[in-house]
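Data block below; observations after.
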Amino acid sequence: MPRALDPHAAIALEATGLDDSGGLRTADGQPLSRALARSSRRARRRAFFLVLPLLLFILITFVVPIGQMLQRSVKNDGFSANMPELSRWFAEHPRGTAPDETAYAALAADLKSSAEARTIGTVGTRINYDLAGSRSLFTSAGRTARTGLEPPYQSSVLAMDPKWGDPHLWSVMREASSPYTANFYLAALDRTRNDQGEITMAPADQQVYVMLFKRTMMLSAIITVTTFLLGFPIAYLLATLPLRKSNLLMILVLLPFWTSLLVRTTAWMVLLQQQGVINDFLVWLGVIGNSSRIQMIYNQTGTIIAMTHILLPFMILPLYSVMRTINPSYVRAARSLGATSWTAFRRIYFPQTLPGLGAGALLVFILAIGYYITPALVGGSSGQLISNMIAMHMTQTLNWSMAAALAALLLGGVLILYWIYDRLVGIDNLKLG
Amino acid sequence: MALPTYASPLERVWHYAYLVICGLIFFFLIAPIVVVIPLSFNVEPYFTFTHKMLALDPEGYSLRWYDTLLTFGMANPGAPRDWSWWVDAWQNAKWINAAKSSIIIGVCSTIVATVLGTLAALGLSRPEMPFRRIIMAVLISPMIVPIIITATGMFFFYSNPCSPLSWFGVEPNCGKLAGTYLGIILAHATLGIPFVIITVTATLIGFDQSLNRAAASLGANPRTTFFRVTLPLILPGVISGALFAFVTSFDEVVAVLFIAGPDQQTIPRQMWTGIREQISPAILAVATLLVIFSIALLTAIELLRRRTERLRGVTPR
């Protein structure tokens, strides 16, 4: 980056000219190069100090929380912190060792102390994430263990519930005995560990996340395409109309942009419902019968329609600002050389709109894959995206590590797209209205 | 976008078809927003036009949903509407309290976002700024990172803001920001900052740095230069950035759902509950009020934009 010449140094230079030693010096006798370096350093520091408060603010309120979330996605000490004896046994005995009497003794001791400390629920919940239905196994064992288990421990533990002998349970407990685990990422990719600790596909009826990631990608791609199909003609019209008229029409684009997201989503619910305005209108027209009203909401159609409407301005605005700069005489030149209007459009005009198209498409796609509110309200079950699954784990199942792992995967995807956007478009060129 | 005189008949047909298509797309953009307005005056608890409404019968219209907005949550909504009724409404009506929360949070977070964002934009637009690109990318990222991820991170952080210190081996506990006004204000300021930076940076592109040097050469110190030269010139950009930040906060629901307590019931949160649980045209009455609000904001932004263009010497063709 070229450094601006400090004006004061320049003036001093003019006043003194060359000194005896041949090097340039400032009025107070310093070598010019050093004075310049110092002043540019000072200028850089001053610029940086202006940014520093905000940078610190963003680091504390945004970057650190996300870092913490990423930590949460690999760390869950719900088991290891409350079951120290058994965790030690796992650390001392390699994978594949069958649990012997010492293991059961450690288990019994931990169950007792954990039940007394009332943390047995936390332990059970942690195991339940990897082996559904095992939470009650721990809570009921805690109740028995509090009164004390008699040696030999193996038989007395198995007497509580024969499920304690399940090798899969022991494999899961071994995984959980370390506070750090990649299991939540495995689960987020529909994978799991078998009894030997090998990574395998989760049972078919539990494979939801990969499907959801795929659906999120697919719906976002569809929404990007529909915003392009609807946005391109509008941007072209706005860019070719005289400014006075296009400014007037631009209001029609900016009004939805400025209207609350919830208002727009509600509006689509009103329009698309089975007893809603569009269905009523179609029945009134006689296109469909009263009994065969179309289901346009609480499914993927609802998500696509509402999100296209919400993200359309993000496609129109970048396209418009690029199209405004396209010189119309190129198309006229092509026409005068005999091109039809379609050829002139396809070979001369359209290629020049590509920067705007790239910017708009990337922006719409980035925003679409992270959408939450609209799919949650109009998506039903088939129109839910990965964000909705993260929210579900955060608020309903309370499997926060799982939510964090899903969020981390989504974040990775978004950051890659953001990086591409910055490379191709430059974030400085992001415009709002 | 005029049809050239040499256009063939096919091109003429296509031209008019194109205009019709554009009309339909504009209809698609605007219709959903317009349609909620008459429906909010529906006398029936339906989301659709009744026969009376279509016949423009005054009996089909009423203000009952607007009245519901006011009375919802009041201690004694049936009391005669004297002074104490209005005091009751002001203190207890849920939507009024939601509006109060939204405004407090919106104004405070806008102030934080605007002050910090404007300072940073000034620094970022200096040619000497080191690591400009990467810092800009970090500062804009709250707009790009999906809100659900931001909210998830904030949920963990705000429930114990000292917890990151555990990375350095200490395990402190210093209260929590979740469930406080301060927490939501900080969260919303974070989300509003990218908008301030983008608009102010855009204004600064046309800013002539030699004006600052002229002020300095005339003896003004940096502070005087900023308040008397720079700020008045970039003020339209700062105000439109502030409006963006305010709207972001005013419309934000996910972070509020994750980190707010029962006291921070904002308008979007109240709407969210309303839409999910007891859907009634009262929601449409709120929606109508919000549409009017956004029209007012849009007008403000448009006036500011015209002023900036006038200052830059760009006039509409």
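By order of appearance in the structure tokens: chains A, B, ..., then residues from 1 within every chain, and ligands from 1 in the order shown.
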
- Selection near Leu289 of chain B, 10 Å with only C-alpha atoms, sequence-local residues under 5 positions removed, as a ChimeraX atom specification: /A:263 /B:37,40,66,283-284,294-295

- Query: Contacts of Gln196 of chain A at 10 Å or less, counting only C-alpha atoms, minus same-chain residues fewer than 5 places along, as a PyMOL selection string?
  - Reply: chain A and resi 95-96+167-168+171

Could you save those same residues with C-alpha atoms as an mmCIF file, in the first residue's frame?
data_model
loop_
_atom_site.group_PDB
_atom_site.id
_atom_site.type_symbol
_atom_site.label_atom_id
_atom_site.label_comp_id
_atom_site.auth_asym_id
_atom_site.auth_seq_id
_atom_site.Cartn_x
_atom_site.Cartn_y
_atom_site.Cartn_z
ATOM 1 C CA ARG A 95 -9.781 -50.093 24.233
ATOM 2 C CA GLY A 96 -11.033 -53.659 23.879
ATOM 3 C CA PRO A 167 -20.693 -53.669 25.496
ATOM 4 C CA HIS A 168 -22.124 -50.751 23.524
ATOM 5 C CA SER A 171 -17.988 -48.223 24.530
#

Per residue of chain A within 6 Å of chain B, record the nearest atom pair and its distance in Å to one decimal, counting only C-alpha atoms, with rows in chain order and ascending residue number, as JSON lines.
{"residue": "A:Arg44", "atom": "CA", "partner": "B:Glu128", "partner_atom": "CA", "distance": 5.0}
{"residue": "A:Ala47", "atom": "CA", "partner": "B:Gly123", "partner_atom": "CA", "distance": 4.4}
{"residue": "A:Leu50", "atom": "CA", "partner": "B:Gly123", "partner_atom": "CA", "distance": 5.0}
{"residue": "A:Val51", "atom": "CA", "partner": "B:Ala120", "partner_atom": "CA", "distance": 4.0}
{"residue": "A:Leu54", "atom": "CA", "partner": "B:Leu116", "partner_atom": "CA", "distance": 5.3}
{"residue": "A:Pro65", "atom": "CA", "partner": "B:Gly153", "partner_atom": "CA", "distance": 4.5}
{"residue": "A:Ile66", "atom": "CA", "partner": "B:Gly153", "partner_atom": "CA", "distance": 4.7}
{"residue": "A:Met69", "atom": "CA", "partner": "B:Gly153", "partner_atom": "CA", "distance": 5.0}
{"residue": "A:Ile234", "atom": "CA", "partner": "B:Cys22", "partner_atom": "CA", "distance": 5.9}
{"residue": "A:Thr240", "atom": "CA", "partner": "B:Met1", "partner_atom": "CA", "distance": 5.1}
{"residue": "A:Leu241", "atom": "CA", "partner": "B:Met1", "partner_atom": "CA", "distance": 5.1}
{"residue": "A:Leu243", "atom": "CA", "partner": "B:Arg317", "partner_atom": "CA", "distance": 5.8}
{"residue": "A:Trp258", "atom": "CA", "partner": "B:Ser294", "partner_atom": "CA", "distance": 5.7}
{"residue": "A:Thr259", "atom": "CA", "partner": "B:Ser294", "partner_atom": "CA", "distance": 5.5}
{"residue": "A:Ser260", "atom": "CA", "partner": "B:Asp251", "partner_atom": "CA", "distance": 5.7}
{"residue": "A:Val263", "atom": "CA", "partner": "B:Ala287", "partner_atom": "CA", "distance": 5.2}
{"residue": "A:Ala267", "atom": "CA", "partner": "B:Pro32", "partner_atom": "CA", "distance": 5.3}
{"residue": "A:Val270", "atom": "CA", "partner": "B:Phe47", "partner_atom": "CA", "distance": 5.7}
{"residue": "A:Gly276", "atom": "CA", "partner": "B:Thr48", "partner_atom": "CA", "distance": 5.5}
{"residue": "A:Val277", "atom": "CA", "partner": "B:Thr48", "partner_atom": "CA", "distance": 5.4}
{"residue": "A:Gly370", "atom": "CA", "partner": "B:Pro146", "partner_atom": "CA", "distance": 4.6}
{"residue": "A:Ala407", "atom": "CA", "partner": "B:Ile149", "partner_atom": "CA", "distance": 5.7}

- Find the spatial neighbours of Gly175 of chain B, counting only C-alpha atoms, within a cut-off of 9 Å - ignore same-chain residues fewer than 4 positions away - and output them as a ChimeraX atom specification. /B:159-162

Might you pull out every residue within 8 Å of Tyr418 of chain A, with only C-alpha atoms counted and same-chain residues fewer than 3 positions away left off, and present them as a PDB file with N, CA and C atoms, in the first residue's frame?
ATOM      1  N   ILE A 366     -25.606 -16.948   0.867  1.00  0.00           N
ATOM      2  CA  ILE A 366     -25.055 -16.899   2.228  1.00  0.00           C
ATOM      3  C   ILE A 366     -26.167 -16.624   3.231  1.00  0.00           C
ATOM      4  N   VAL A 414     -20.444 -21.090   5.814  1.00  0.00           N
ATOM      5  CA  VAL A 414     -20.700 -19.665   5.583  1.00  0.00           C
ATOM      6  C   VAL A 414     -19.386 -18.901   5.440  1.00  0.00           C
ATOM      7  N   LEU A 415     -18.393 -19.242   6.278  1.00  0.00           N
ATOM      8  CA  LEU A 415     -17.122 -18.507   6.219  1.00  0.00           C
ATOM      9  C   LEU A 415     -16.415 -18.749   4.890  1.00  0.00           C
ATOM     10  N   TYR A 421     -16.785 -14.487  -1.390  1.00  0.00           N
ATOM     11  CA  TYR A 421     -17.446 -13.203  -1.659  1.00  0.00           C
ATOM     12  C   TYR A 421     -16.439 -12.062  -1.560  1.00  0.00           C
ATOM     13  N   ASP A 422     -15.619 -12.102  -0.490  1.00  0.00           N
ATOM     14  CA  ASP A 422     -14.631 -11.045  -0.288  1.00  0.00           C
ATOM     15  C   ASP A 422     -13.620 -11.027  -1.425  1.00  0.00           C
TER      16      ASP A 422
ATOM     17  N   ILE B 144     -22.939 -11.360   8.351  1.00  0.00           N
ATOM     18  CA  ILE B 144     -22.844 -12.510   7.453  1.00  0.00           C
ATOM     19  C   ILE B 144     -23.083 -13.820   8.205  1.00  0.00           C
TER      20      ILE B 144
END

- Contacts of Ala75 of chain B at 10 Å (only C-alpha atoms; same-chain gap of 4+ positions) as a list of chain:residue names: B:Thr71, B:Ala79, B:Trp85, B:Asp88, B:Ala89, B:Gln91, B:Asn92, B:Ala93

- Contacts of segment 130-140 of chain A at 7 Å or less, counting only C-alpha atoms, minus same-chain residues fewer than 3 places along, as a PyMOL selection string? chain A and resi 120-121+124-125+127+143-144+172

Restrict the selected residues to C-alpha atoms and save them as an mmCIF file, in the first residue's frame.
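Ended up saving to again13.cif:
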data_model
loop_
_atom_site.group_PDB
_atom_site.id
_atom_site.type_symbol
_atom_site.label_atom_id
_atom_site.label_comp_id
_atom_site.auth_asym_id
_atom_site.auth_seq_id
_atom_site.Cartn_x
_atom_site.Cartn_y
_atom_site.Cartn_z
ATOM 1 C CA ILE A 120 -26.248 -38.380 38.204
ATOM 2 C CA GLY A 121 -28.797 -36.696 35.900
ATOM 3 C CA GLY A 124 -27.059 -39.844 32.345
ATOM 4 C CA THR A 125 -27.889 -36.999 29.969
ATOM 5 C CA ILE A 127 -24.563 -40.806 27.869
ATOM 6 C CA ARG A 143 -31.135 -44.382 43.551
ATOM 7 C CA THR A 144 -30.010 -47.962 44.332
ATOM 8 C CA VAL A 172 -20.093 -45.073 24.843
#

Please return as an mmCIF file with N, CA and C atoms, in the first residue's frame: the residues of segment 33-245 of chain A that backbone DSSP assigns to strand (DSSP E).
data_model
loop_
_atom_site.group_PDB
_atom_site.id
_atom_site.type_symbol
_atom_site.label_atom_id
_atom_site.label_comp_id
_atom_site.auth_asym_id
_atom_site.auth_seq_id
_atom_site.Cartn_x
_atom_site.Cartn_y
_atom_site.Cartn_z
ATOM 1 N N ARG A 191 -22.885 -39.983 11.774
ATOM 2 C CA ARG A 191 -21.991 -41.113 12.004
ATOM 3 C C ARG A 191 -21.924 -41.403 13.510
ATOM 4 N N THR A 192 -21.493 -42.605 13.827
ATOM 5 C CA THR A 192 -21.425 -42.981 15.226
ATOM 6 C C THR A 192 -20.279 -43.964 15.396
ATOM 7 N N ARG A 193 -19.972 -44.309 16.630
ATOM 8 C CA ARG A 193 -18.918 -45.289 16.870
ATOM 9 C C ARG A 193 -19.554 -46.602 17.298
ATOM 10 N N ILE A 199 -15.679 -45.848 13.341
ATOM 11 C CA ILE A 199 -16.724 -44.921 12.889
ATOM 12 C C ILE A 199 -17.604 -45.609 11.856
ATOM 13 N N THR A 200 -18.904 -45.618 12.129
ATOM 14 C CA THR A 200 -19.838 -46.232 11.184
ATOM 15 C C THR A 200 -21.008 -45.282 10.965
ATOM 16 N N MET A 201 -21.828 -45.610 9.999
ATOM 17 C CA MET A 201 -23.024 -44.790 9.764
ATOM 18 C C MET A 201 -24.026 -45.039 10.891
#

Can you list, as a tab-separated table (two decimals) with C-alpha atoms, in the first residue's frame, every protein, DNA or RNA residue that comes within 10 Å of segment 381-395 of chain A when you count only C-alpha atoms, leaving out same-chain residues fewer than 5 positions away?
chain	number	residue	atom	x	y	z
A	208	VAL	CA	-31.32	-36.65	9.77
A	209	TYR	CA	-28.50	-34.13	9.74
A	210	VAL	CA	-26.85	-34.86	6.39
A	211	MET	CA	-30.29	-34.82	4.83
A	212	LEU	CA	-30.97	-31.44	6.49
A	213	PHE	CA	-27.65	-30.00	5.33
A	214	LYS	CA	-28.43	-31.18	1.81
A	215	ARG	CA	-31.92	-29.75	1.97
A	216	THR	CA	-30.59	-26.43	3.26
A	217	MET	CA	-28.15	-26.28	0.35
A	219	LEU	CA	-33.45	-24.83	-0.94
A	220	SER	CA	-30.85	-22.03	-0.78
A	297	ILE	CA	-47.61	-23.19	3.34
A	298	TYR	CA	-46.09	-25.26	6.14
A	299	ASN	CA	-44.02	-27.07	3.53
A	300	GLN	CA	-41.06	-26.32	1.27
A	301	THR	CA	-43.20	-24.24	-1.07
A	302	GLY	CA	-43.95	-21.84	1.77
A	303	THR	CA	-40.26	-21.54	2.67
A	304	ILE	CA	-39.26	-20.93	-0.96
A	368	ALA	CA	-30.41	-18.17	2.83
A	369	ILE	CA	-28.39	-21.05	4.29
A	370	GLY	CA	-28.48	-19.41	7.72
A	371	TYR	CA	-32.14	-18.45	7.74
A	372	TYR	CA	-34.14	-19.37	10.78
A	373	ILE	CA	-37.24	-17.28	11.46
A	374	THR	CA	-39.05	-17.69	8.15
A	375	PRO	CA	-38.60	-21.47	7.80
A	376	ALA	CA	-39.61	-21.88	11.44
A	400	TRP	CA	-25.97	-27.84	23.55
A	401	SER	CA	-22.84	-29.59	22.36
A	402	MET	CA	-24.79	-31.02	19.45
A	403	ALA	CA	-26.21	-27.59	18.61
A	404	ALA	CA	-22.70	-26.16	18.76
A	405	ALA	CA	-21.31	-28.87	16.47
A	406	LEU	CA	-24.07	-28.28	13.89
A	407	ALA	CA	-23.54	-24.53	14.19
A	410	LEU	CA	-22.77	-24.32	9.21
B	146	PRO	CA	-26.15	-16.68	10.53
B	147	ILE	CA	-28.03	-15.14	13.41
B	148	ILE	CA	-28.73	-18.54	14.93
B	149	ILE	CA	-24.98	-19.15	15.31
B	151	ALA	CA	-27.29	-16.22	19.20
B	152	THR	CA	-26.00	-19.67	20.22
B	155	PHE	CA	-26.26	-17.70	24.87
B	254	VAL	CA	-33.50	-14.61	17.50
B	257	LEU	CA	-35.36	-15.32	22.14
B	258	PHE	CA	-32.03	-16.81	23.23

- Task: Report the residues of segment 38-95 of chain B whose backbone DSSP state falls under helix (DSSP H, G or I), written as a PyMOL selection string.
- Result: chain B and resi 38-39+51-54+58-60+64-71+83-92+94-95

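Each of B:Val20, B:Leu63, B:Ile184, B:Leu56 was checked against Val43 of chain B using only C-alpha atoms; the smallest atom-to-atom distance is that of B:Leu63.
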